[in-house]
Structures are given as C-alpha cells and as structure tokens.
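**Student:** For reference, this is model.cif, and it has mmCIF, C-alpha atoms.
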```
data_coords
loop_
_atom_site.label_atom_id
_atom_site.label_comp_id
_atom_site.auth_asym_id
_atom_site.auth_seq_id
_atom_site.Cartn_x
_atom_site.Cartn_y
_atom_site.Cartn_z
CA MET A 23 79.15 194.11 4.85
CA THR A 24 79.13 191.36 2.24
CA VAL A 25 76.73 188.54 2.96
CA THR A 26 76.51 185.22 1.17
CA ALA A 27 74.20 182.27 1.22
CA THR A 28 75.03 178.83 2.52
CA PRO A 29 73.11 175.65 1.66
CA PRO A 30 69.59 176.05 3.06
CA ALA A 31 68.54 174.07 6.10
CA PRO A 32 65.06 173.40 7.48
CA LYS A 33 63.87 176.20 9.73
CA LEU A 34 64.17 175.52 13.44
CA GLU A 35 60.83 175.54 15.17
CA LEU A 36 62.30 177.10 18.28
CA PRO A 37 60.03 179.48 20.22
CA PRO A 38 61.26 182.70 21.85
CA LEU A 39 63.09 182.19 25.13
CA LYS A 40 61.00 183.09 28.17
CA LEU A 41 62.81 184.24 31.30
CA GLY A 42 60.11 185.34 33.72
CA PRO A 43 58.63 188.55 32.31
CA ILE A 44 61.37 188.79 29.65
CA THR A 45 60.93 187.42 26.14
CA VAL A 46 64.10 186.90 24.08
CA ASP A 47 62.87 186.54 20.51
CA THR A 48 66.18 185.15 19.25
CA PRO A 49 67.15 182.49 21.83
CA VAL A 50 70.83 183.40 21.84
CA ILE A 51 72.79 184.68 24.84
CA LEU A 52 76.18 186.40 24.80
CA ALA A 53 78.20 184.74 27.54
CA PRO A 54 79.76 187.17 30.01
CA MET A 55 83.51 187.36 29.44
CA ALA A 56 85.79 189.40 31.70
CA GLY A 57 87.44 192.26 29.85
CA ILE A 58 85.42 191.59 26.70
CA THR A 59 81.64 191.92 27.09
CA ASN A 60 81.65 195.54 28.17
CA SER A 61 79.03 197.96 26.83
CA ALA A 62 81.13 198.70 23.72
CA PHE A 63 81.29 195.09 22.58
CA ARG A 64 77.67 194.45 23.53
CA ARG A 65 76.61 197.36 21.33
CA LEU A 66 78.55 195.98 18.37
CA CYS A 67 76.88 192.60 18.78
CA ARG A 68 73.40 194.09 19.20
CA GLU A 69 73.78 196.00 15.96
CA TYR A 70 74.01 192.71 14.07
CA GLY A 71 71.35 190.58 15.71
CA GLY A 72 68.92 189.88 18.49
CA GLY A 73 69.55 188.06 21.72
CA LEU A 74 70.38 188.64 25.37
CA TYR A 75 73.69 190.36 26.01
CA VAL A 76 75.24 189.80 29.43
CA ALA A 77 77.73 192.18 31.02
CA GLU A 78 81.10 191.09 32.39
CA MET A 79 81.08 189.04 35.57
CA VAL A 80 81.26 191.10 38.75
CA THR A 81 81.86 189.91 42.30
CA SER A 82 79.10 190.40 44.81
CA ARG A 83 81.43 191.85 47.41
CA ALA A 84 82.80 194.51 45.07
CA LEU A 85 79.29 195.47 44.04
CA VAL A 86 78.06 195.76 47.61
CA GLU A 87 81.10 197.90 48.39
CA ARG A 88 80.31 199.99 45.28
CA THR A 89 83.82 199.97 43.91
CA PRO A 90 84.11 202.19 40.81
CA GLU A 91 85.12 199.25 38.61
CA SER A 92 82.17 197.13 39.70
CA LEU A 93 79.75 199.96 38.97
CA ARG A 94 81.34 200.39 35.53
CA ILE A 95 80.92 196.69 34.81
CA ILE A 96 77.17 196.78 35.51
CA SER A 97 76.55 199.98 33.55
CA HIS A 98 74.40 199.67 30.44
CA ASP A 99 73.61 201.84 27.46
CA ASP A 100 70.26 203.61 27.61
CA ASP A 101 68.97 201.59 24.66
CA GLU A 102 69.84 198.15 26.06
CA LYS A 103 66.37 196.67 26.34
CA VAL A 104 67.38 194.06 28.88
CA ARG A 105 70.07 195.04 31.37
CA SER A 106 71.73 191.73 32.13
CA VAL A 107 74.27 191.33 34.96
CA GLN A 108 76.27 188.28 36.01
CA LEU A 109 77.24 187.95 39.66
CA TYR A 110 79.92 185.80 41.21
CA GLY A 111 79.96 185.05 44.91
CA VAL A 112 80.61 182.39 47.52
CA ASP A 113 78.80 183.84 50.52
CA PRO A 114 74.99 183.63 50.51
CA VAL A 115 74.59 186.80 52.56
CA THR A 116 76.85 188.87 50.29
CA VAL A 117 75.25 187.48 47.14
CA GLY A 118 71.85 188.27 48.60
CA HIS A 119 72.87 191.85 49.36
CA ALA A 120 74.21 192.29 45.83
CA VAL A 121 71.01 190.98 44.25
CA ARG A 122 68.94 193.20 46.55
CA MET A 123 71.00 196.23 45.52
CA LEU A 124 70.50 195.49 41.82
CA VAL A 125 66.76 195.04 42.29
CA GLU A 126 66.01 197.88 44.70
CA GLU A 127 68.08 200.39 42.74
CA ASP A 128 66.69 199.20 39.40
CA ARG A 129 70.10 198.37 37.97
CA ALA A 130 69.24 195.07 36.23
CA ASP A 131 66.38 193.34 34.42
CA HIS A 132 68.04 189.92 34.49
CA ILE A 133 70.63 188.44 36.85
CA ASP A 134 72.81 185.41 36.22
CA LEU A 135 74.92 183.60 38.81
CA ASN A 136 78.33 182.28 37.78
CA PHE A 137 79.16 178.71 38.76
CA GLY A 138 81.26 177.99 35.71
CA CYS A 139 84.50 179.97 36.01
CA PRO A 140 87.49 177.53 35.85
CA VAL A 141 90.22 180.09 36.58
CA PRO A 142 92.56 178.76 39.32
CA LYS A 143 92.46 181.98 41.39
CA VAL A 144 88.71 181.39 41.72
CA THR A 145 88.49 177.61 42.10
CA ARG A 146 91.35 177.38 44.61
CA ARG A 147 89.11 179.35 46.97
CA GLY A 148 86.06 177.24 46.29
CA GLY A 149 84.37 179.57 43.82
CA GLY A 150 83.17 179.27 40.24
CA SER A 151 83.01 175.74 38.86
CA ALA A 152 84.28 174.31 42.17
CA LEU A 153 81.34 175.61 44.20
CA PRO A 154 78.46 173.29 43.16
CA TRP A 155 80.39 170.38 44.67
CA LYS A 156 79.41 171.79 48.08
CA THR A 157 75.69 171.13 47.84
CA ASP A 158 74.74 173.00 51.00
CA LEU A 159 76.59 176.16 49.98
CA PHE A 160 75.29 176.04 46.41
CA THR A 161 71.71 175.55 47.58
CA SER A 162 71.93 178.43 50.05
CA ILE A 163 73.36 180.87 47.50
CA VAL A 164 70.80 180.06 44.81
CA GLN A 165 67.83 180.10 47.18
CA THR A 166 68.89 183.44 48.68
CA ALA A 167 69.49 185.03 45.27
CA VAL A 168 66.17 183.84 43.85
CA LYS A 169 64.32 185.13 46.91
CA GLU A 170 65.85 188.60 46.61
CA ALA A 171 65.41 188.78 42.83
CA SER A 172 61.77 187.71 43.04
CA LYS A 173 60.97 190.79 45.13
CA GLY A 174 61.42 192.85 41.98
CA ASN A 175 60.16 190.21 39.54
CA VAL A 176 63.68 189.98 38.12
CA PRO A 177 64.42 186.55 36.59
CA LEU A 178 67.52 184.86 37.94
CA THR A 179 69.46 182.20 36.02
CA ILE A 180 72.60 180.18 36.63
CA LYS A 181 75.50 179.17 34.39
CA MET A 182 77.62 176.18 35.32
CA ARG A 183 79.96 173.46 34.07
CA LYS A 184 79.62 169.69 34.17
CA GLY A 185 81.64 169.54 37.35
CA ILE A 186 85.18 169.65 38.68
CA ASP A 187 86.39 166.68 36.62
CA GLU A 188 84.88 163.50 35.18
CA ASP A 189 85.04 161.84 38.60
CA HIS A 190 83.27 164.73 40.34
CA LEU A 191 80.33 165.76 38.19
CA THR A 192 77.76 168.12 39.67
CA TYR A 193 75.58 169.42 36.85
CA LEU A 194 72.54 167.16 37.28
CA ASP A 195 72.30 167.69 41.04
CA ALA A 196 72.96 171.43 40.67
CA GLY A 197 70.39 171.73 37.89
CA ARG A 198 67.68 170.12 40.00
CA ILE A 199 68.56 172.23 43.05
CA ALA A 200 68.41 175.40 40.98
CA ARG A 201 65.13 174.36 39.38
CA ASP A 202 63.59 173.64 42.78
CA ALA A 203 64.83 177.03 44.05
CA GLY A 204 62.91 178.79 41.29
CA VAL A 205 65.53 179.87 38.76
CA ALA A 206 64.24 181.02 35.37
CA ALA A 207 66.74 178.93 33.37
CA VAL A 208 69.92 176.90 33.65
CA ALA A 209 72.85 177.14 31.23
CA LEU A 210 75.44 174.38 30.96
CA HIS A 211 78.92 174.62 29.47
CA GLY A 212 79.70 171.07 28.38
CA ARG A 213 83.17 170.96 29.94
CA THR A 214 84.55 170.31 33.40
CA ALA A 215 86.77 172.72 35.29
CA ALA A 216 89.68 170.36 34.64
CA GLN A 217 89.24 170.77 30.89
CA PHE A 218 89.38 174.56 31.10
CA TYR A 219 88.56 175.36 27.43
CA SER A 220 90.48 172.46 25.91
CA GLY A 221 89.18 169.44 24.07
CA GLN A 222 85.61 169.19 22.91
CA ALA A 223 82.47 170.28 24.72
CA ASP A 224 80.28 167.38 25.76
CA TRP A 225 76.94 168.14 24.16
CA SER A 226 75.55 164.79 25.37
CA ALA A 227 75.74 166.16 28.93
CA ILE A 228 73.71 169.16 27.81
CA ALA A 229 71.14 166.78 26.34
CA ARG A 230 70.98 164.82 29.62
CA LEU A 231 70.38 168.02 31.59
CA ARG A 232 67.65 169.04 29.14
CA GLU A 233 65.97 165.66 29.71
CA ALA A 234 66.37 165.93 33.50
CA LEU A 235 64.79 169.41 33.65
CA PRO A 236 61.75 169.33 31.36
CA ASP A 237 59.98 172.10 33.27
CA ILE A 238 62.42 175.02 32.86
CA PRO A 239 64.51 176.36 29.96
CA VAL A 240 67.92 174.76 29.54
CA LEU A 241 70.60 176.54 27.52
CA GLY A 242 73.67 174.99 25.90
CA ASN A 243 77.18 176.43 25.80
CA GLY A 244 80.44 175.22 24.31
CA ASP A 245 82.00 175.01 20.83
CA ILE A 246 79.50 177.24 19.02
CA TRP A 247 81.76 178.80 16.41
CA SER A 248 79.10 179.36 13.73
CA ALA A 249 75.39 179.61 13.18
CA GLU A 250 75.47 176.05 11.87
CA ASP A 251 77.00 174.86 15.16
CA ALA A 252 74.15 176.52 17.06
CA VAL A 253 71.52 174.87 14.90
CA ARG A 254 73.24 171.51 15.33
CA MET A 255 73.38 171.92 19.11
CA VAL A 256 69.66 172.64 19.27
CA ARG A 257 68.84 169.64 17.10
CA GLU A 258 71.16 167.28 19.00
CA THR A 259 70.35 168.35 22.56
CA GLY A 260 66.85 169.85 22.48
CA VAL A 261 67.96 173.00 24.34
CA ASP A 262 65.78 176.09 24.44
CA GLY A 263 68.61 178.39 23.40
CA VAL A 264 72.36 178.71 23.07
CA VAL A 265 75.04 180.65 24.94
CA VAL A 266 77.92 181.96 22.82
CA GLY A 267 81.28 182.91 24.28
CA ARG A 268 84.63 182.65 22.51
CA GLY A 269 83.00 182.09 19.12
CA CYS A 270 82.09 185.77 18.82
CA GLN A 271 85.50 187.13 19.77
CA GLY A 272 86.52 189.30 16.85
CA ARG A 273 83.26 188.39 15.14
CA PRO A 274 80.38 190.49 16.48
CA TRP A 275 78.54 189.74 13.21
CA LEU A 276 78.12 186.14 14.41
CA PHE A 277 74.94 187.33 16.13
CA GLY A 278 73.57 188.37 12.76
CA ASP A 279 74.29 184.89 11.44
CA LEU A 280 72.67 183.31 14.49
CA MET A 281 69.52 185.39 14.15
CA ALA A 282 69.31 184.53 10.46
CA ALA A 283 69.76 180.82 11.17
CA PHE A 284 67.05 180.74 13.81
CA GLU A 285 64.74 182.55 11.41
CA GLY A 286 65.44 179.97 8.71
CA SER A 287 67.59 182.23 6.52
CA ASP A 288 70.77 181.01 4.84
CA VAL A 289 72.35 184.49 4.70
CA ARG A 290 75.73 184.75 6.45
CA HIS A 291 78.24 187.58 6.94
CA LYS A 292 81.50 187.14 5.03
CA PRO A 293 83.38 190.42 5.64
CA ASP A 294 86.31 191.47 3.51
CA LEU A 295 89.31 193.07 5.19
CA GLN A 296 87.92 196.59 4.73
CA LYS A 297 84.78 195.66 6.65
CA VAL A 298 86.81 194.06 9.43
CA ALA A 299 89.01 197.16 9.69
CA GLY A 300 85.89 199.30 9.93
CA SER A 301 84.53 197.15 12.75
CA VAL A 302 87.84 197.32 14.62
CA TYR A 303 87.92 201.11 14.45
CA ARG A 304 84.28 201.42 15.52
CA HIS A 305 84.96 199.03 18.40
CA ALA A 306 87.85 201.24 19.50
CA GLU A 307 85.73 204.39 19.32
CA LEU A 308 83.06 202.74 21.46
CA MET A 309 85.71 201.64 23.93
CA VAL A 310 86.84 205.25 24.29
CA GLU A 311 83.24 206.20 25.08
CA THR A 312 82.99 203.34 27.58
CA PHE A 313 86.17 204.12 29.52
CA GLY A 314 86.39 207.86 28.94
CA ASP A 315 90.13 207.37 28.57
CA GLU A 316 91.62 206.90 25.11
CA GLY A 317 94.83 205.35 26.39
CA LYS A 318 93.04 202.73 28.48
CA ALA A 319 90.55 202.03 25.67
CA LEU A 320 93.30 201.37 23.15
CA ARG A 321 95.14 199.12 25.57
CA GLU A 322 91.92 197.16 25.98
CA ILE A 323 91.32 196.84 22.23
CA ARG A 324 94.71 195.22 21.64
CA LYS A 325 93.57 191.80 22.86
CA HIS A 326 90.90 191.76 20.16
CA MET A 327 93.27 192.23 17.21
CA ALA A 328 94.31 188.60 16.73
CA TRP A 329 90.66 187.54 16.88
CA TYR A 330 89.47 190.10 14.34
CA PHE A 331 92.20 189.34 11.83
CA LYS A 332 92.29 185.54 12.25
CA GLY A 333 92.78 184.01 8.81
CA TYR A 334 93.20 187.30 6.96
CA VAL A 335 96.33 188.19 5.02
CA VAL A 336 98.02 190.58 7.43
CA GLY A 337 101.82 190.61 7.67
CA SER A 338 103.60 190.01 10.95
CA GLU A 339 104.87 193.58 11.10
CA LEU A 340 101.36 195.02 10.83
CA ARG A 341 100.03 192.50 13.33
CA THR A 342 102.68 193.64 15.78
CA LYS A 343 101.75 197.28 15.23
CA LEU A 344 98.05 196.52 15.72
CA ALA A 345 98.86 194.79 19.00
CA MET A 346 100.60 197.94 20.24
CA VAL A 347 98.24 200.74 19.15
CA SER A 348 98.17 203.65 21.58
CA SER A 349 95.61 206.07 20.12
CA LEU A 350 92.76 206.26 17.63
CA GLU A 351 95.03 208.19 15.30
CA VAL A 352 97.68 205.46 15.38
CA LEU A 353 95.01 202.80 14.92
CA ARG A 354 93.55 204.60 11.91
CA GLY A 355 96.96 204.93 10.29
CA THR A 356 97.80 201.29 10.91
CA LEU A 357 94.49 200.02 9.55
CA ASP A 358 94.99 202.12 6.42
CA GLN A 359 98.19 200.16 5.73
CA LEU A 360 96.23 196.93 5.31
CA ASP A 361 95.34 195.54 1.90
CA LEU A 362 91.72 196.50 2.34
CA ASP A 363 90.69 194.82 -0.91
CA SER A 364 91.51 191.39 0.52
CA PRO A 365 88.41 189.17 0.39
CA TYR A 366 86.93 187.02 3.11
CA PRO A 367 89.37 184.11 3.61
CA GLY A 368 86.71 181.48 4.29
CA VAL A 369 87.31 178.74 6.82
CA ASP A 370 90.64 180.25 7.88
CA ALA A 371 88.70 183.08 9.55
CA GLU A 372 86.29 180.73 11.29
CA GLY A 373 86.44 178.03 13.93
CA PRO A 374 88.00 178.10 17.41
CA ARG A 375 89.51 181.31 18.74
CA GLY A 376 90.81 182.50 22.05
CA ARG A 377 93.04 180.60 24.46
CA ALA A 378 91.92 177.03 25.03
CA GLY A 379 94.48 176.24 27.70
CA SER A 380 95.23 172.61 28.47
CA PRO A 381 93.64 170.04 30.78
CA LYS A 382 94.96 170.37 34.30
CA LYS A 383 94.17 169.32 37.82
CA PRO A 384 91.86 172.03 39.21
CA ALA A 385 93.17 174.16 42.03
CA LEU A 386 90.90 173.53 45.02
CA PRO A 387 90.79 174.37 48.74
CA LYS A 388 92.30 171.81 51.08
CA ASP A 389 90.22 168.62 51.42
CA TRP A 390 87.54 170.08 49.11
CA LEU A 391 86.63 166.75 47.51
CA GLU A 392 86.42 164.75 50.74
CA SER A 393 82.80 165.73 51.35
CA ARG A 394 79.99 167.49 49.54
CA ALA A 395 79.40 169.59 52.65
CA LEU A 396 81.59 172.42 53.93
CA ASN A 397 83.73 171.73 56.97
CA VAL A 398 84.47 174.37 59.59
CA ALA A 399 87.76 175.48 58.08
CA GLN A 400 86.29 175.75 54.58
CA SER A 401 83.36 177.78 55.86
CA ARG A 402 85.81 180.16 57.48
CA ASP A 403 88.13 180.54 54.49
CA ILE A 404 85.88 180.54 51.46
CA SER A 405 84.93 184.21 51.68
CA ALA A 406 88.44 185.05 50.45
CA ALA A 407 87.23 184.03 46.98
CA GLU A 408 85.40 187.34 46.68
CA LEU A 409 88.40 189.61 46.99
CA ASP A 410 88.69 190.48 43.29
CA VAL A 411 86.27 192.65 41.31
CA SER A 412 86.07 190.14 38.46
CA GLY A 413 86.97 186.48 38.47
CA GLY A 414 88.34 186.36 34.93
#
```
How does the structure come out when it is put into structure tokens?

**Tutor:**
Amino acid sequence: MTVTATPPAPKLELPPLKLGPITVDTPVILAPMAGITNSAFRRLCREYGGGLYVAEMVTSRALVERTPESLRIISHDDDEKVRSVQLYGVDPVTVGHAVRMLVEEDRADHIDLNFGCPVPKVTRRGGGSALPWKTDLFTSIVQTAVKEASKGNVPLTIKMRKGIDEDHLTYLDAGRIARDAGVAAVALHGRTAAQFYSGQADWSAIARLREALPDIPVLGNGDIWSAEDAVRMVRETGVDGVVVGRGCQGRPWLFGDLMAAFEGSDVRHKPDLQKVAGSVYRHAELMVETFGDEGKALREIRKHMAWYFKGYVVGSELRTKLAMVSSLEVLRGTLDQLDLDSPYPGVDAEGPRGRAGSPKKPALPKDWLESRALNVAQSRDISAAELDVSGG
C-alpha cells in the first residue's frame, strides 16, 4: 500500500497503556461495534497496527444462556494476544454470571462494560447510556463485575457517554463510582445519548474526567477520523489513550497511521483504488471464514462498501452492484470493473463516515428521570433490556 509523509509533529511522550496485567504498547482501542468488529475486521486492523481490539457487544443474558450467536461474538482468533469482550447488561446478577463464565472458562483476557449505547431499543428499557443515571443500579453492576473479574485477574473497564442529555449528565459521578469499584480504566465518548452520533464530540468533558480521575487511566472517544485527530485529543485532554469507532469503518489501515503517529512517525497510508479493492476482497474472504457461510458473509460485507469507497471515483452503477454482491466470485468480478489505477482521492476519502443520526429526545422508561434511584416498577421491568443478543 502506498504511504506518504505528512508534516512532522513532535513525538507524543505517551507511555504504554496499562490495564491490570495487560500492557497495550500502542494506546489505541478499537471500539466494539455491532455487526462490524467481528474477528474478520479485527484481523484486518491488527495487520496494520498495534492496539487493543474489542469484539462486538454481547448481552450478558445471551452469554449466560450460551446462545450460538453470543458464543460466535466472543470467539477470537488463536493469535489474538488479548481476547477482549464487551458485555452489556442491566441486572447485576446476570452480569456477574456472565463475567464469571468468561473468567472461569478462560474466554477473555479483558472485559469491558457498555454504558454508552444510545440506541432507543436499549435506552427505552433503561440500558446503555441511560443506565448510569440510576446510581444504585450502576454501582451494583460495576462492583459485581469487578469482583468476579478480579478472581481471574482479568482487568475490567467501562465505556460510557456524558449522560442522557445536557441536563442529565452522569459521567463524573459514574467515573468516580467505577474508579472506587476498582475498574482498570474508564472510556468516555464525548456525546450524550440525545446527540446519538450527531454534532461534535465534547472533548472538554473528556478533559474534565481526566482531571477528576488522576489515579486510573482515562480514554477518550469521539470524532477521531485520523491519526492527527488522535494526537490532538491526547494533547488537548491529557487522556492515556484513544478509542476509535466509526473512523476506522472502511479504513482498517487507520490503525497503522495511529501506531505511526504515537511513535512519532509522519508516515500515513494513502491507498489507491487497487489497494482498497484488495482490502475489500480480503475482508470478504475473512468474513467467509468467520461465518462459515459464504452467503451470510457477503450479505454482511455489503454495509462496508460505502465506507471503503468513500471519496473514490466509482460510478453509481458499480456502487449499486457492490452493495448487492452475493458471492466471492461476483465480488471479484465487480471489483475488477473498477478503474484500479485511480489514485488516493485525498480529503474526500477521509473525515466522518457512518450514520450520524440526528439529535433526538432519548427513549427512556416511564418516570426514569424523576429520581436517580430505581423505583419498584423500574426494578421489575428493567430486565427486559437484556432480551437481544446485541444491543446495536
């Protein structure tokens, strides 16, 4: 792949990220994304750079019940040095059982708890980014999970948002509770649930959390579209590492750029269309290995096409064909129709990607904001939030 140099910047004096017994030399974490960060995509990213690569989010209930899909989600390649799993749950007992299963059966080296999902089907039942508002429930879940994880010396971290909306912020309280419970690190996405992925991430909130928790690692997430963005976040907020989500969609080589930046190198990947096509085909092959079903794998790869070819000269007819590929053979033939000599398009291929959505009033359980403690009805109903295998 073609690489080019950008104007040099002073090397970041950022030490490796320490999570209990785990050392992450390049302090970069791939954010878990449902339907995206499966073992195929994680392998692609690992081939470009170092970091910690987290599997798709899985619900605690599904894992305890050992559903086939949940067991697929937590599967890792033999050469993944750190097997990282993200759990979602709203019931302390179920979350505890899921963590115990991962530890006792040696299925994970690092566990993350999701308190950042803004998807309505999750928040309307009190889960994800809605949950830290209920301080008693949040405290119980984190304490239980840390206790179970510590039995196997497995570091447990949390990922959260600023809060439900600007009038109901939770991140400072939640960060302190998690710190006191013994988590190995806290990651903050600088948006509220109400923002979804719209607008701009509030890096000043990340800086405030870093200042409030000087005794544990704090990681920043939100609007990291390039290595330069990551460097700027570290300089502006003082975080110990960065979490990258949508910025790597269709750009697994971003992790190579990030590793280079943190090592003080100005080398960046600038792939021409032939290199992108090669990555797409390899991604599809790995997806076939992951799912063991070519049809399903090719259906899954379709969502990645717009991300991979963002900014490149690809006609609408070919884009439509790429979004409907049904087999590796069809994919190969379609990719061969591209003008593979097309160079890297520059800024048109960079920047925001994925669906940002629009600001909206979060879907919440009845009377959720009236108190920071659960009432009887909420305690009875909240377990329904764990019905799905993945929260999205």

**Student:** Quick one, how far is CA of Asp134 (chain A) from CA of Ser106 (chain A)?

**Tutor:**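 Separating CA of Asp134 (chain A) from CA of Ser106 (chain A) is a distance of 7.6 Å.
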
**Student:** Using Å and a single decimal, report how far CA of Pro274 (chain A) sits from CA of Val50 (chain A).

**Tutor:**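 Separation of CA of Val50 (chain A) and CA of Pro274 (chain A): 13.0 Å.
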
**Student:** Which residues fall under the PyMOL selection byres ((chain A and resi 55) around 10) in this file, as number ranges by chain?

**Tutor:** A: 52-54, 56-60, 76-79, 108, 139, 267-268, 271, 412-414

**Student:** I'd like the residues picked by the PyMOL selection byres ((chain A and resi 294-311) around 9) written out as a VMD selection string, using the chain letters and numbers from the file.

**Tutor:** chain A and resid 23 to 24 60 to 63 65 to 66 272 to 274 292 to 293 312 to 320 322 to 323 326 to 327 330 to 331 334 to 335 350 353 to 354 357 to 358 360 to 367

**Student:** Pick out the closest residue to Phe137 (chain A) from this set: A:Leu85, A:Glu188, A:His211, A:Gly355. Count all atoms listed in the file.

**Tutor:** A:His211

**Student:** Please provide the set of residues having any atom within 12 Å of Lys103 (chain A), restricted to only C-alpha atoms, with same-chain residues fewer than 2 positions apart removed, written as a PyMOL selection string.

**Tutor:** chain A and resi 44-46+64-65+68+72-76+98-101+105-106+130-132

**Student:** Could you check which of A:Gly373, A:Gly138, A:Arg198, A:Leu109 is closest to Asp251 (chain A), using only C-alpha atoms?

**Tutor:** A:Gly373

**Student:** When distances are computed from only C-alpha atoms, which of A:Ala399, A:Trp275, A:Arg324, A:Ala345 shows the smallest separation from Glu69 (chain A)?

**Tutor:**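 Result for the nearest residue to Glu69 (chain A): A:Trp275.
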
**Student:** In Å, rounded to a single decimal, give me how far CA of Ala385 (chain A) is from CA of Ser226 (chain A).

**Tutor:**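 That distance, rounded to one decimal, is 26.0 Å.
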
**Student:** Could you list the residues chosen by the PyMOL selection byres ((chain A and resi 282) around 12) in this structure as a VMD selection string?

**Tutor:** chain A and resid 25 to 28 30 to 31 33 to 34 48 to 50 70 to 73 248 to 250 252 to 253 275 to 281 283 to 291

**Student:** With C-alpha atoms retained, write the just-selected residues as a compact mmCIF listing (two decimals), in the frame of the given file.

**Tutor:**
```txt
# COMPACT_ATOMS: atom_id res chain seq x y z
CA VAL A 25 76.73 188.54 2.96
CA THR A 26 76.51 185.22 1.17
CA ALA A 27 74.20 182.27 1.22
CA THR A 28 75.03 178.83 2.52
CA PRO A 30 69.59 176.05 3.06
CA ALA A 31 68.54 174.07 6.10
CA LYS A 33 63.87 176.20 9.73
CA LEU A 34 64.17 175.52 13.44
CA THR A 48 66.18 185.15 19.25
CA PRO A 49 67.15 182.49 21.83
CA VAL A 50 70.83 183.40 21.84
CA TYR A 70 74.01 192.71 14.07
CA GLY A 71 71.35 190.58 15.71
CA GLY A 72 68.92 189.88 18.49
CA GLY A 73 69.55 188.06 21.72
CA SER A 248 79.10 179.36 13.73
CA ALA A 249 75.39 179.61 13.18
CA GLU A 250 75.47 176.05 11.87
CA ALA A 252 74.15 176.52 17.06
CA VAL A 253 71.52 174.87 14.90
CA TRP A 275 78.54 189.74 13.21
CA LEU A 276 78.12 186.14 14.41
CA PHE A 277 74.94 187.33 16.13
CA GLY A 278 73.57 188.37 12.76
CA ASP A 279 74.29 184.89 11.44
CA LEU A 280 72.67 183.31 14.49
CA MET A 281 69.52 185.39 14.15
CA ALA A 283 69.76 180.82 11.17
CA PHE A 284 67.05 180.74 13.81
CA GLU A 285 64.74 182.55 11.41
CA GLY A 286 65.44 179.97 8.71
CA SER A 287 67.59 182.23 6.52
CA ASP A 288 70.77 181.01 4.84
CA VAL A 289 72.35 184.49 4.70
CA ARG A 290 75.73 184.75 6.45
CA HIS A 291 78.24 187.58 6.94
```

**Student:** (66.1, 185.1, 47.2) in this file's frame - what residues fall within 10 Å of it? Use all atoms listed in the file and give the answer as a list in words.

**Tutor:**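 The residues that fall inside the cut-off are Pro114, Val117, Gly118, His119, Val121, Arg122, Ser162, Ile163, Val164, Gln165, Thr166, Ala167, Val168, Lys169, Glu170, Ala171, Ser172, Lys173, Leu178, Ala203, Gly204 and Val205 of chain A.
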
**Student:** Which residue out of A:Gly197, A:Gly148, A:Gly263, A:Pro374 has the minimum interatomic distance to Tyr219 (chain A) when all atoms listed in the file are used?

**Tutor:**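 Between A:Gly197, A:Gly148, A:Gly263, A:Pro374, the residue approaching Tyr219 (chain A) most closely is A:Pro374.
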
**Student:** Looking at only C-alpha atoms, which of A:Glu87, A:Asp187, A:Asp113, A:Glu102 is the one that sits closest to Lys383 (chain A)?

**Tutor:**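 Using only C-alpha atoms, Lys383 (chain A) sits closest to A:Asp187.
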
**Student:** Here is a test: counting all atoms listed in the file, which residue of A:Lys382, A:Arg377, A:Lys343, A:Lys40 is nearest to Ala207 (chain A)?

**Tutor:**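 Using all atoms listed in the file, Ala207 (chain A) sits closest to A:Lys40.
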
**Student:** Set the distance at 6 Å and use all atoms listed in the file: which residues neighbour region 229-242 of chain A once local chain neighbours fewer than 6 positions away are removed? I'd like the list as a count of residues only.

**Tutor:** 10

**Student:** Determine, counting all atoms listed in the file, which protein, DNA and RNA residues have an atom within 8 Å of an atom of Glu372 (chain A); residues of the same chain fewer than 5 positions away are not included. Present the result as a ChimeraX atom specification.

**Tutor:** /A:247-248,332-333

**Student:** Around all the atoms of region 286-296 of chain A listed in the file, with 4 Å of room on each side, what axis-aligned box do you get, giving centre and edge lengths in Å to one decimal, as AutoDock Vina command-line options?

**Tutor:**
```
--center_x 77.4 --center_y 188.3 --center_z 6.1 --size_x 31.9 --size_y 24.6 --size_z 13.2
```
